[in-house]
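*Asks:* Sharing work_29.txt (compact mmCIF, C-alpha atoms) below.
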# COMPACT_ATOMS: atom_id res chain seq x y z
CA MET K 77 -16.08 -5.19 1.54
CA THR K 78 -12.60 -5.30 0.03
CA VAL K 79 -11.05 -4.93 -3.41
CA GLU K 80 -10.51 -8.28 -5.12
CA TYR K 81 -8.84 -8.77 -8.49
CA PRO K 82 -9.75 -11.54 -10.90
CA GLU K 83 -7.37 -14.20 -12.12
CA THR K 84 -6.71 -12.06 -15.18
CA MET K 85 -4.40 -9.81 -13.16
CA ARG K 86 -1.80 -12.57 -13.10
CA ASN K 87 1.40 -11.97 -14.89
CA LEU K 88 1.36 -12.75 -18.59
CA GLY K 89 4.89 -13.96 -19.01
CA SER K 90 6.23 -17.16 -17.55
CA LYS K 91 9.65 -17.28 -15.89
CA PHE K 92 10.97 -19.07 -18.96
CA ARG K 93 9.88 -16.31 -21.33
CA TYR K 94 11.36 -13.66 -19.03
CA ALA K 95 14.60 -15.62 -18.86
CA PHE K 96 14.67 -15.85 -22.66
CA PHE K 97 14.20 -12.10 -23.13
CA GLU K 98 16.67 -11.34 -20.35
CA CYS K 99 19.24 -13.51 -22.10
CA MET K 100 18.61 -11.63 -25.37
CA VAL K 101 19.05 -8.27 -23.66
CA ARG K 102 22.23 -9.36 -21.87
CA CYS K 103 23.61 -10.53 -25.23
CA ARG K 104 22.79 -7.09 -26.67
CA LEU K 105 20.23 -8.60 -29.01
CA VAL K 106 17.48 -6.15 -28.16
CA VAL K 107 16.38 -5.79 -31.80
CA PHE K 108 16.10 -9.56 -32.11
CA ALA K 109 14.18 -9.63 -28.80
CA ARG K 110 11.68 -7.15 -30.27
CA PHE K 111 11.39 -9.33 -33.39
CA VAL K 112 10.54 -12.35 -31.20
CA LEU K 113 8.19 -10.16 -29.16
CA PHE K 114 6.17 -9.49 -32.34
CA PHE K 115 5.26 -13.20 -32.54
CA VAL K 116 4.79 -13.62 -28.80
CA VAL K 117 2.28 -10.76 -28.81
CA LEU K 118 0.56 -12.21 -31.87
CA TYR K 119 0.22 -15.55 -30.07
CA TYR K 120 -1.27 -13.88 -27.00
CA THR K 121 -3.63 -11.78 -29.08
CA LEU K 122 -5.11 -14.95 -30.55
CA LEU K 123 -5.92 -16.34 -27.10
CA PRO K 124 -9.48 -15.35 -26.11
CA ARG K 125 -8.65 -15.37 -22.37
CA VAL K 126 -5.82 -12.91 -22.96
CA ARG K 127 -7.95 -10.68 -25.20
CA HIS K 128 -10.58 -10.72 -22.49
CA ARG K 129 -8.19 -9.00 -20.04
CA CYS K 130 -8.34 -5.70 -21.87
CA THR K 131 -11.91 -5.90 -23.16
CA ALA K 132 -13.29 -3.50 -20.56
CA TYR K 133 -10.69 -0.82 -21.23
CA LEU K 134 -10.89 -1.09 -25.00
CA ALA K 135 -14.71 -1.04 -24.92
CA HIS K 136 -14.55 2.26 -23.01
CA ARG K 137 -11.73 3.74 -25.06
CA PHE K 138 -12.99 2.60 -28.46
CA PRO K 139 -16.76 2.17 -27.99
CA ASP K 140 -17.46 2.06 -31.73
CA ALA K 141 -14.78 -0.44 -32.71
CA GLY K 142 -15.88 -3.54 -34.64
CA PRO K 143 -14.55 -7.07 -34.00
CA LEU K 144 -11.55 -6.77 -36.35
CA HIS K 145 -10.63 -3.32 -35.05
CA ASN K 146 -10.87 -4.75 -31.54
CA ILE K 147 -8.37 -7.49 -32.29
CA ILE K 148 -5.99 -4.94 -33.83
CA ASN K 149 -6.41 -2.78 -30.72
CA VAL K 150 -5.61 -5.75 -28.46
CA TYR K 151 -2.50 -6.44 -30.52
CA ARG K 152 -1.34 -2.83 -30.37
CA LEU K 153 -1.97 -2.62 -26.63
CA TYR K 154 0.04 -5.78 -25.86
CA TRP K 155 2.72 -4.84 -28.38
CA THR K 156 3.28 -1.52 -26.61
CA PHE K 157 3.15 -3.24 -23.24
CA GLY K 158 5.72 -5.81 -24.35
CA ASN K 159 8.05 -3.12 -25.65
CA ILE K 160 7.76 -1.16 -22.42
CA LEU K 161 8.60 -4.30 -20.42
CA LEU K 162 11.62 -4.80 -22.66
CA ASP K 163 12.67 -1.16 -22.17
CA ARG K 164 12.34 -1.69 -18.44
CA MET K 165 14.43 -4.84 -18.60
CA VAL K 166 17.13 -3.00 -20.58
CA ALA K 167 17.10 -0.11 -18.08
CA GLY K 168 17.24 -2.50 -15.11
CA ILE K 169 20.10 -4.54 -16.55
CA THR K 170 22.19 -1.63 -17.83
CA GLY K 171 21.45 0.62 -14.87
CA HIS K 172 20.64 3.56 -17.17
CA PHE K 173 17.43 5.16 -16.03
CA LEU K 174 16.66 8.12 -18.21
CA LEU K 175 13.64 10.31 -17.92
CA HIS K 176 13.07 12.81 -20.70
CA ALA K 177 11.09 15.96 -20.21
CA THR K 178 10.46 18.12 -23.24
CA ALA K 179 8.82 20.94 -21.26
CA PRO K 180 11.11 22.97 -18.94
CA TYR K 181 8.15 23.22 -16.54
CA ALA K 182 8.25 19.44 -16.01
CA TYR K 183 11.95 19.52 -15.12
CA HIS K 184 11.38 22.43 -12.80
CA CYS K 185 8.52 20.65 -10.99
CA LEU K 186 10.47 17.41 -10.63
CA SER K 187 13.68 19.08 -9.50
CA GLU K 188 11.69 21.02 -6.88
CA ALA K 189 10.08 17.77 -5.69
CA GLY K 190 12.83 16.97 -3.22
CA LYS K 191 13.06 20.44 -1.74
CA ASN K 192 10.05 20.35 0.57
CA PRO K 193 11.37 19.19 3.98
CA LYS K 194 8.05 17.39 4.40
CA GLY K 195 8.73 15.33 1.30
CA CYS K 196 6.91 14.86 -1.96
CA ILE K 197 4.36 12.29 -3.03
CA ILE K 198 4.43 11.43 -6.70
CA LEU K 199 1.17 10.00 -7.86
CA SER K 200 1.30 7.99 -11.03
CA ALA K 201 -0.67 5.23 -12.73
CA HIS K 202 -0.14 2.01 -14.66
CA ILE K 203 0.21 4.04 -17.80
CA GLY K 204 3.06 4.29 -20.28
CA THR K 205 6.55 3.90 -18.85
CA TRP K 206 5.50 4.33 -15.25
CA GLN K 207 8.24 2.25 -13.64
CA THR K 208 11.13 3.31 -15.87
CA GLY K 209 9.88 6.87 -15.57
CA LEU K 210 9.80 6.74 -11.79
CA ALA K 211 13.25 5.12 -11.78
CA GLY K 212 14.43 8.12 -13.80
CA LEU K 213 13.63 10.36 -10.84
CA GLU K 214 16.99 9.32 -9.38
CA GLN K 215 18.56 12.08 -11.49
CA PHE K 216 17.05 14.67 -9.13
CA ASP K 217 19.23 13.54 -6.20
CA THR K 218 16.47 12.94 -3.68
CA PRO K 219 15.93 9.37 -2.41
CA VAL K 220 12.95 7.79 -4.16
CA ASN K 221 10.62 5.19 -2.62
CA ILE K 222 7.94 3.27 -4.49
CA VAL K 223 5.01 1.67 -2.72
CA GLN K 224 4.21 -1.55 -4.55
CA MET K 225 3.43 -5.20 -3.96
CA LYS K 226 6.65 -7.15 -3.55
CA THR K 227 5.68 -10.58 -4.82
CA PRO K 228 8.48 -13.09 -4.21
CA GLY K 229 9.59 -14.70 -7.45
CA ASP K 230 7.71 -12.26 -9.66
CA PRO K 231 10.29 -11.83 -12.40
CA ASP K 232 9.13 -8.63 -14.05
CA LYS K 233 9.17 -6.36 -11.02
CA HIS K 234 12.67 -6.86 -9.78
CA TYR K 235 14.94 -5.82 -12.59
CA PHE K 236 15.53 -2.61 -10.74
CA GLU K 237 16.68 -4.57 -7.71
CA ARG K 238 18.82 -7.07 -9.59
CA GLY K 239 20.33 -4.74 -12.17
CA LYS K 240 23.34 -2.47 -11.88
CA GLY K 241 21.56 0.36 -10.15
CA LYS K 242 18.91 0.58 -7.48
CA PRO K 243 17.14 3.76 -8.45
CA PHE K 244 14.49 3.45 -5.77
CA HIS K 245 13.61 1.73 -2.54
CA VAL K 246 10.53 -0.48 -2.68
CA ILE K 247 8.08 -0.16 0.20
CA ASP K 248 6.14 -3.42 0.28
CA ALA K 249 2.43 -2.69 -0.05
CA SER K 250 1.44 -6.19 1.06
CA ASP K 251 1.49 -4.86 4.64
CA PRO K 252 -1.00 -1.98 4.25
CA VAL K 253 -0.41 -0.45 7.70
CA GLY K 254 3.37 -0.90 7.67
CA SER K 255 3.75 0.40 4.12
CA LEU K 256 1.89 3.63 4.78
CA VAL K 257 3.77 4.15 8.07
CA GLU K 258 7.03 3.65 6.18
CA ALA K 259 5.85 6.05 3.47
CA SER K 260 5.04 8.67 6.14
CA ALA K 261 8.50 8.21 7.65
CA ALA K 262 10.17 8.62 4.25
CA LEU K 263 8.23 11.83 3.64
CA LYS K 264 9.30 13.08 7.04
CA ARG K 265 12.90 12.62 5.91
CA GLY K 266 12.12 14.84 2.91
CA GLU K 267 12.19 11.95 0.43
CA ILE K 268 10.02 11.20 -2.59
CA VAL K 269 7.32 8.56 -2.23
CA CYS K 270 5.66 7.25 -5.39
CA LEU K 271 2.20 5.76 -5.26
CA MET K 272 -0.09 4.39 -7.92
CA GLY K 273 -3.30 6.38 -7.99
CA ASP K 274 -5.26 4.07 -10.26
CA ARG K 275 -5.22 0.74 -8.47
CA LEU K 276 -5.67 -0.43 -4.90
CA PRO K 277 -3.74 -3.36 -3.46
CA ALA K 278 -5.96 -6.45 -3.24
CA HIS K 279 -8.07 -6.78 -0.06
CA THR K 280 -8.11 -3.01 0.52
CA PRO K 281 -11.41 -1.89 2.04
CA MET K 282 -13.77 -0.34 -0.50
CA HIS K 283 -14.23 2.70 1.75
CA HIS K 284 -10.63 3.63 0.91
CA CYS K 285 -11.76 4.47 -2.63
CA VAL K 286 -13.62 7.35 -4.14
CA LYS K 287 -15.73 7.06 -7.25
CA THR K 288 -14.90 9.23 -10.20
CA PRO K 289 -15.89 9.44 -13.87
CA PHE K 290 -13.46 7.91 -16.35
CA LEU K 291 -13.90 7.24 -20.07
CA GLY K 292 -17.67 7.45 -19.96
CA GLY K 293 -18.08 5.22 -16.90
CA GLU K 294 -17.24 5.34 -13.23
CA ILE K 295 -14.17 3.89 -11.52
CA CYS K 296 -12.97 3.66 -7.92
CA LEU K 297 -9.65 5.31 -7.17
CA PRO K 298 -7.61 4.94 -3.98
CA MET K 299 -7.40 7.96 -1.72
CA SER K 300 -4.28 6.94 0.22
CA ALA K 301 -2.02 9.47 -1.55
CA TYR K 302 -4.35 12.36 -0.74
CA VAL K 303 -4.70 11.20 2.88
CA LEU K 304 -0.90 10.99 3.17
CA ALA K 305 -0.52 14.50 1.72
CA SER K 306 -3.18 15.93 4.00
CA SER K 307 -1.75 14.26 7.13
CA THR K 308 1.93 14.91 6.53
CA GLY K 309 1.92 18.22 4.66
CA ALA K 310 3.97 16.71 1.83
CA ASP K 311 3.73 18.09 -1.69
CA LEU K 312 1.67 16.06 -4.12
CA LEU K 313 2.61 15.84 -7.78
CA MET K 314 0.77 13.91 -10.45
CA LEU K 315 3.20 12.42 -12.94
CA PHE K 316 2.52 10.49 -16.12
CA THR K 317 5.33 9.30 -18.31
CA VAL K 318 4.74 7.72 -21.71
CA ARG K 319 6.81 5.85 -24.27
CA GLU K 320 7.59 8.25 -27.05
CA LYS K 321 10.10 7.33 -29.75
CA GLY K 322 11.35 4.57 -27.47
CA LEU K 323 12.06 6.96 -24.57
CA ALA K 324 10.41 7.35 -21.19
CA THR K 325 9.05 10.85 -21.56
CA VAL K 326 7.26 13.05 -19.06
CA TRP K 327 3.86 13.79 -20.56
CA HIS K 328 2.07 15.41 -17.66
CA VAL K 329 3.14 16.90 -14.32
CA GLU K 330 0.67 18.70 -12.12
CA HIS K 331 0.84 19.94 -8.57
CA ILE K 332 -2.18 19.12 -6.41
CA ASP K 333 -2.68 21.23 -3.32
CA VAL K 334 -4.36 19.08 -0.63
CA PRO K 335 -5.25 21.02 2.54
CA ARG K 336 -4.02 19.75 5.92
CA GLY K 337 -6.31 17.98 8.35
CA LEU K 338 -8.79 16.26 6.01
CA SER K 339 -10.11 12.95 7.35
CA HIS K 340 -10.45 9.81 5.30
CA ARG K 341 -13.72 9.21 7.10
CA GLU K 342 -15.12 11.92 4.86
CA PRO K 343 -14.13 10.59 1.44
CA ASP K 344 -16.06 13.35 -0.33
CA ALA K 345 -13.31 15.74 0.78
CA PHE K 346 -10.85 13.81 -1.39
CA ARG K 347 -13.11 13.30 -4.40
CA PRO K 348 -12.09 16.52 -6.22
CA TYR K 349 -8.44 15.37 -6.26
CA ALA K 350 -9.37 11.90 -7.50
CA VAL K 351 -11.50 13.49 -10.21
CA ARG K 352 -8.54 15.64 -11.28
CA PHE K 353 -6.35 12.56 -11.38
CA ALA K 354 -8.90 10.65 -13.48
CA ARG K 355 -9.21 13.58 -15.89
CA ALA K 356 -5.44 13.68 -16.31
CA MET K 357 -5.38 9.90 -16.92
CA GLU K 358 -8.14 10.34 -19.48
CA ALA K 359 -6.10 12.96 -21.29
CA VAL K 360 -3.13 10.57 -21.43
CA VAL K 361 -5.13 7.63 -22.79
CA LYS K 362 -6.82 9.86 -25.36
CA ASN K 363 -3.39 10.71 -26.73
CA TYR K 364 -1.74 7.35 -26.06
CA PRO K 365 -4.56 4.79 -26.20
CA TYR K 366 -2.20 1.81 -26.25
CA GLN K 367 -0.34 2.77 -23.09
CA PHE K 368 -2.97 1.98 -20.46
CA PHE K 369 -2.12 -1.19 -18.55
CA ASN K 370 -4.91 -2.08 -16.18
CA PHE K 371 -5.82 -5.51 -17.48
CA TYR K 372 -9.07 -5.99 -15.61
CA ASP K 373 -12.52 -4.43 -15.54
CA MET K 374 -12.01 -1.40 -13.32
CA TRP K 375 -15.43 0.13 -14.02
CA VAL K 376 -18.14 -0.06 -11.35
CA MET Q 43 3.29 11.59 32.18
CA THR Q 44 2.53 8.18 33.63
CA LYS Q 45 1.62 5.23 31.46
CA ASN Q 46 -1.97 5.55 32.63
CA ASP Q 47 -2.05 9.22 31.59
CA ILE Q 48 -0.68 8.33 28.18
CA GLU Q 49 -3.29 5.61 27.72
CA ASN Q 50 -6.13 7.96 28.64
CA SER Q 51 -4.73 10.69 26.47
CA LEU Q 52 -4.37 8.25 23.55
CA LYS Q 53 -7.98 7.16 23.86
CA THR Q 54 -9.20 10.74 23.61
CA LEU Q 55 -6.79 11.62 20.81
CA ILE Q 56 -7.76 8.56 18.79
CA ILE Q 57 -11.46 9.34 19.12
CA THR Q 58 -11.08 12.99 18.18
CA GLY Q 59 -8.19 12.70 15.73
CA LEU Q 60 -9.55 9.71 13.85
CA ARG Q 61 -13.13 10.91 14.18
CA LEU Q 62 -14.53 7.80 15.82
CA ASP Q 63 -17.80 9.54 16.56
CA ASP Q 64 -19.75 6.65 18.02
CA ILE Q 65 -17.47 5.68 20.93
CA THR Q 66 -16.21 7.27 24.14
CA PRO Q 67 -12.86 6.81 25.94
CA GLU Q 68 -14.63 4.62 28.50
CA ASP Q 69 -15.67 2.20 25.74
CA ILE Q 70 -12.05 1.50 24.84
CA ASP Q 71 -10.29 -1.29 26.69
CA SER Q 72 -6.55 -0.63 26.75
CA ASP Q 73 -5.86 -4.19 25.60
CA LEU Q 74 -8.19 -4.14 22.60
CA PRO Q 75 -6.39 -4.68 19.30
CA LEU Q 76 -6.10 -1.48 17.27
CA PHE Q 77 -5.73 -2.78 13.73
CA ASP Q 78 -7.39 -6.17 13.78
CA THR Q 79 -9.91 -6.47 10.95
CA GLU Q 80 -12.44 -8.43 13.01
CA LYS Q 81 -12.26 -7.16 16.59
CA GLY Q 82 -11.16 -4.24 18.73
CA LEU Q 83 -11.10 -0.75 17.27
CA MET Q 84 -10.73 -2.12 13.73
CA LEU Q 85 -8.58 0.79 12.57
CA ASP Q 86 -7.14 0.57 9.06
CA SER Q 87 -4.08 1.67 7.12
CA LEU Q 88 -5.38 5.21 6.54
CA ASP Q 89 -6.02 5.54 10.28
CA ALA Q 90 -2.40 4.47 10.76
CA VAL Q 91 -1.20 7.42 8.67
CA GLU Q 92 -3.18 9.83 10.82
CA LEU Q 93 -2.22 8.05 14.06
CA VAL Q 94 1.51 8.34 13.25
CA VAL Q 95 1.07 12.11 12.91
CA ILE Q 96 -0.94 12.33 16.15
CA VAL Q 97 1.65 10.34 18.14
CA GLU Q 98 4.48 12.46 16.83
CA LYS Q 99 2.69 15.75 17.38
CA GLU Q 100 1.38 14.97 20.87
CA PHE Q 101 4.19 12.84 22.31
CA GLY Q 102 7.17 13.72 20.12
CA VAL Q 103 7.69 10.06 19.20
CA ALA Q 104 8.25 9.02 15.59
CA ILE Q 105 7.23 5.63 14.20
CA ALA Q 106 9.75 5.04 11.47
CA ASP Q 107 8.96 1.80 9.71
CA ALA Q 108 6.72 -1.24 9.37
CA GLU Q 109 8.54 -3.10 12.15
CA GLU Q 110 8.08 -0.25 14.61
CA ALA Q 111 4.45 0.07 13.54
CA ARG Q 112 3.93 -3.62 14.33
CA GLN Q 113 5.45 -3.09 17.79
CA ALA Q 114 3.58 0.11 18.54
CA PHE Q 115 0.15 -0.54 17.08
CA THR Q 116 -0.86 -3.63 19.04
CA SER Q 117 -3.23 -1.94 21.51
CA ILE Q 118 -3.57 1.30 23.46
CA ARG Q 119 -1.39 -0.26 26.17
CA GLY Q 120 1.16 -1.40 23.60
CA LEU Q 121 1.26 2.06 22.05
CA ALA Q 122 1.64 3.67 25.48
CA ASP Q 123 4.53 1.28 26.24
CA PHE Q 124 6.15 2.17 22.93
CA ILE Q 125 5.80 5.91 23.58
CA LEU Q 126 7.18 5.59 27.12
CA SER Q 127 10.13 3.49 25.98
CA ARG Q 128 11.00 6.04 23.28
CA GLN Q 129 10.59 8.97 25.62
CA THR Q 130 12.80 7.42 28.27
CA GLY Q 131 15.22 5.98 25.73
CA ASN Q 132 14.80 2.34 26.85
Would it be possible to restate this file's structure as structure tokens?

*Replies:*
Amino acid sequence: MTVEYPETMRNLGSKFRYAFFECMVRCRLVVFARFVLFFVVLYYTLLPRVRHRCTAYLAHRFPDAGPLHNIINVYRLYWTFGNILLDRMVAGITGHFLLHATAPYAYHCLSEAGKNPKGCIILSAHIGTWQTGLAGLEQFDTPVNIVQMKTPGDPDKHYFERGKGKPFHVIDASDPVGSLVEASAALKRGEIVCLMGDRLPAHTPMHHCVKTPFLGGEICLPMSAYVLASSTGADLLMLFTVREKGLATVWHVEHIDVPRGLSHREPDAFRPYAVRFARAMEAVVKNYPYQFFNFYDMWV
Amino acid sequence: MTKNDIENSLKTLIITGLRLDDITPEDIDSDLPLFDTEKGLMLDSLDAVELVVIVEKEFGVAIADAEEARQAFTSIRGLADFILSRQTGN
């Protein structure tokens, strides 16, 4: 049995809309782009099929919300998402990747990330400013790799490759074996490897997930990051960055100590780490309910 | 180590290292695919992570990227060939 995602995971914006916003950003009309975004989001919010994409999350996050409140929640969720995509576009085009950390502890953790000769895995989620935040890791002078699906022609993922700077190297997750081998090799070079801990690439076997409680239900989380850490001896840091006052801000950094030699054939050994990750995600969405961007029903 | 030794050693290491409890080295044909989803040993991406570490630890050979993984992880024989070629520098 493998993980399959519904049609609703498809990208919201068409190439034309991306081209329009890109043109606005290149013409330094970001404020105007946000003004247009207001109406684009309103249009999407009125489409039942688009509202349906976040129904599962909103039902778990706001179980007592009535129909009107639900529509407002959908609007706020997509509005935040749209603004974060615009921020990402601006960062990709200008080549300025800034990551703000208000707590000195966060800076310390992140600056230490590249000092383990066995590398560091940064485990994040589709929350807040995940991609701009991870791009901001370039300031710590250790090469950064991100494991993600490299879909040809997908306009929203490649601003970091087409813009002025290339803050990270993308390891293509569409080859599951090759991508994890490449991730292991990068860790061996002492580099940073970023993985998403909340979503599995499509067609991943279900036995690569562990079940964990999340927002009153149960979700399946991938265990690849924990297996990598246990096999390679790399450090493992959980990192969540959120959009706060328009800035990609570190909200949570936590070191997870995974012992060496655990086998993925005993998934229970990895469950405590997945549970910790889910708890941390829960804390983020309790504080930033409109910054959770898994637009499908992830509950089992 | 001869190629045959490496193949036999790999079979044992894969069974113990990847905890394939229900098979023995004799059950593994050296030409069986390692990572095919329908036949052979049917190993998966998480096995690959552990196998990379085993190969490096036991044979001192690193598998650096997806291309090398494709070359090395065809079968036990293919992996033995890869290890030998890296050890001898060919």

*Asks:* List as a Markdown table every residue of chain Q that is in contact with chain K, defined as an atom at most 9 Å from one of its atoms (using all atoms listed in the file), together with the nearest atom pair and the distance in Å rounded to one decimal, sorted by chain and then rising number.

*Replies:*
| residue | atom | partner | partner_atom | distance |
| --- | --- | --- | --- | --- |
| Q:Gly59 | CA | K:Ser339 | CA | 8.6 |
| Q:Leu60 | CA | K:Ser339 | CA | 7.3 |
| Q:Arg61 | CA | K:Arg341 | CA | 7.3 |
| Q:Leu62 | CA | K:Arg341 | CA | 8.9 |
| Q:Phe77 | CA | K:Val253 | CA | 8.4 |
| Q:Asp86 | CA | K:Val253 | CA | 6.9 |
| Q:Ser87 | CA | K:Val253 | CA | 4.3 |
| Q:Leu88 | CA | K:Ser300 | CA | 6.6 |
| Q:Asp89 | CA | K:His340 | CA | 7.9 |
| Q:Ala90 | CA | K:Val253 | CA | 6.1 |
| Q:Val91 | CA | K:Val257 | CA | 6.0 |
| Q:Glu92 | CA | K:Ser307 | CA | 5.9 |
| Q:Val94 | CA | K:Val257 | CA | 7.0 |
| Q:Val95 | CA | K:Ser307 | CA | 6.8 |
| Q:Ala104 | CA | K:Ala261 | CA | 8.0 |
| Q:Ile105 | CA | K:Ala261 | CA | 7.2 |
| Q:Ala106 | CA | K:Ala261 | CA | 5.1 |
| Q:Asp107 | CA | K:Glu258 | CA | 4.4 |
| Q:Ala108 | CA | K:Gly254 | CA | 3.8 |
| Q:Glu109 | CA | K:Gly254 | CA | 7.2 |
| Q:Glu110 | CA | K:Gly254 | CA | 8.4 |
| Q:Ala111 | CA | K:Gly254 | CA | 6.0 |
| Q:Arg112 | CA | K:Gly254 | CA | 7.2 |

*Asks:* Those same residues, written as an mmCIF file, in the coordinates of the input with C-alpha atoms?

*Replies:*
data_model
loop_
_atom_site.group_PDB
_atom_site.id
_atom_site.type_symbol
_atom_site.label_atom_id
_atom_site.label_comp_id
_atom_site.auth_asym_id
_atom_site.auth_seq_id
_atom_site.Cartn_x
_atom_site.Cartn_y
_atom_site.Cartn_z
ATOM 1 C CA GLY Q 59 -8.190 12.700 15.730
ATOM 2 C CA LEU Q 60 -9.550 9.710 13.850
ATOM 3 C CA ARG Q 61 -13.130 10.910 14.180
ATOM 4 C CA LEU Q 62 -14.530 7.800 15.820
ATOM 5 C CA PHE Q 77 -5.730 -2.780 13.730
ATOM 6 C CA ASP Q 86 -7.140 0.570 9.060
ATOM 7 C CA SER Q 87 -4.080 1.670 7.120
ATOM 8 C CA LEU Q 88 -5.380 5.210 6.540
ATOM 9 C CA ASP Q 89 -6.020 5.540 10.280
ATOM 10 C CA ALA Q 90 -2.400 4.470 10.760
ATOM 11 C CA VAL Q 91 -1.200 7.420 8.670
ATOM 12 C CA GLU Q 92 -3.180 9.830 10.820
ATOM 13 C CA VAL Q 94 1.510 8.340 13.250
ATOM 14 C CA VAL Q 95 1.070 12.110 12.910
ATOM 15 C CA ALA Q 104 8.250 9.020 15.590
ATOM 16 C CA ILE Q 105 7.230 5.630 14.200
ATOM 17 C CA ALA Q 106 9.750 5.040 11.470
ATOM 18 C CA ASP Q 107 8.960 1.800 9.710
ATOM 19 C CA ALA Q 108 6.720 -1.240 9.370
ATOM 20 C CA GLU Q 109 8.540 -3.100 12.150
ATOM 21 C CA GLU Q 110 8.080 -0.250 14.610
ATOM 22 C CA ALA Q 111 4.450 0.070 13.540
ATOM 23 C CA ARG Q 112 3.930 -3.620 14.330
#

*Asks:* What is the distance between CA of Ala354 (chain K) and CA of Ala201 (chain K), in Å to one decimal?

*Replies:*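 Between CA of Ala354 (chain K) and CA of Ala201 (chain K) the gap works out to 9.9 Å.
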
*Asks:* Can you work out which one of K:Ile160, K:Leu276, K:Leu113, K:Ile203 has the shortest atom-to-atom distance to Trp327 (chain K), counting only C-alpha atoms?

*Replies:*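 Of the candidates, the smallest distance to Trp327 (chain K) is held by K:Ile203.
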
*Asks:* For Val101 (chain K), list every protein, DNA or RNA residue within 9 Å, evaluated using all atoms listed in the file, and leave out those in the same chain fewer than 6 positions away; present the list as JSON, numbers by chain.

*Replies:* {"K": [107, 109, 162, 165, 166, 169]}

*Asks:* Distance CA of Gln207 (chain K)-CA of Tyr119 (chain K), one decimal place?

*Replies:*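 Between CA of Gln207 (chain K) and CA of Tyr119 (chain K) the gap works out to 25.5 Å.
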
*Asks:* What is the distance, in Å and to one decimal place, between CA of Pro277 (chain K) and CA of Ala189 (chain K)?

*Replies:*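 Going from CA of Pro277 (chain K) over to CA of Ala189 (chain K) covers 25.3 Å.
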
*Asks:* Excluding Cys270 (chain K) and residues on its chain fewer than 4 positions from it, collect all residues at most 8 Å away from it, counting all atoms listed in the file, and give them as JSON, numbers by chain.

*Replies:* {"K": [197, 198, 199, 200, 210, 220, 221, 222, 223]}

*Asks:* Within 10 Å of Glu100 (chain Q), counting only C-alpha atoms, which residues qualify if same-chain residues fewer than 3 places away don't, as a count of residues only?

*Replies:* 7

*Asks:* Residues within 9 Å of Gly120 (chain Q), please, as a ChimeraX atom specification. Count all atoms listed in the file; anything in the same chain fewer than 6 positions from it doesn't count.

*Replies:* /Q:72-73,113-114

*Asks:* Which residue gives the smallest distance to Lys53 (chain Q) among Q:Asp69, Q:Glu98, Q:Glu80, Q:Asp123, with all atoms listed in the file counted?

*Replies:*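 So, comparing all the options, the nearest one is Q:Asp69.
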
*Asks:* Could you tell me which of Q:Ser117, Q:Thr79, Q:Glu49, Q:Met84 comes closest to Pro67 (chain Q) if we count all atoms listed in the file?

*Replies:*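 Of Q:Ser117, Q:Thr79, Q:Glu49, Q:Met84, the one nearest Pro67 (chain Q), counting all atoms listed in the file, is Q:Glu49.
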
*Asks:* Because the input lacks atoms here, generate N, CA, C and O atoms for region 122-129 of chain Q and report them as a compact mmCIF listing (two decimals), in the coordinates of the input.

*Replies:*
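Written output follows (result.txt):
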# COMPACT_ATOMS: atom_id res chain seq x y z
N ALA Q 122 1.16 2.88 24.34
CA ALA Q 122 1.64 3.67 25.48
C ALA Q 122 3.03 3.18 25.90
O ALA Q 122 3.94 3.99 26.19
N ASP Q 123 3.21 1.86 25.91
CA ASP Q 123 4.53 1.28 26.24
C ASP Q 123 5.58 1.77 25.25
O ASP Q 123 6.70 2.13 25.64
N PHE Q 124 5.22 1.75 23.98
CA PHE Q 124 6.15 2.17 22.93
C PHE Q 124 6.54 3.65 23.13
O PHE Q 124 7.73 4.00 23.08
N ILE Q 125 5.54 4.47 23.39
CA ILE Q 125 5.80 5.91 23.58
C ILE Q 125 6.72 6.12 24.79
O ILE Q 125 7.71 6.86 24.72
N LEU Q 126 6.37 5.45 25.90
CA LEU Q 126 7.18 5.59 27.12
C LEU Q 126 8.62 5.14 26.89
O LEU Q 126 9.57 5.82 27.29
N SER Q 127 8.76 4.01 26.19
CA SER Q 127 10.13 3.49 25.98
C SER Q 127 10.94 4.46 25.10
O SER Q 127 12.13 4.64 25.32
N ARG Q 128 10.27 5.08 24.13
CA ARG Q 128 11.00 6.04 23.28
C ARG Q 128 11.31 7.33 24.03
O ARG Q 128 12.35 7.93 23.84
N GLN Q 129 10.36 7.73 24.88
CA GLN Q 129 10.59 8.97 25.62
C GLN Q 129 11.70 8.82 26.65
O GLN Q 129 12.46 9.74 26.92
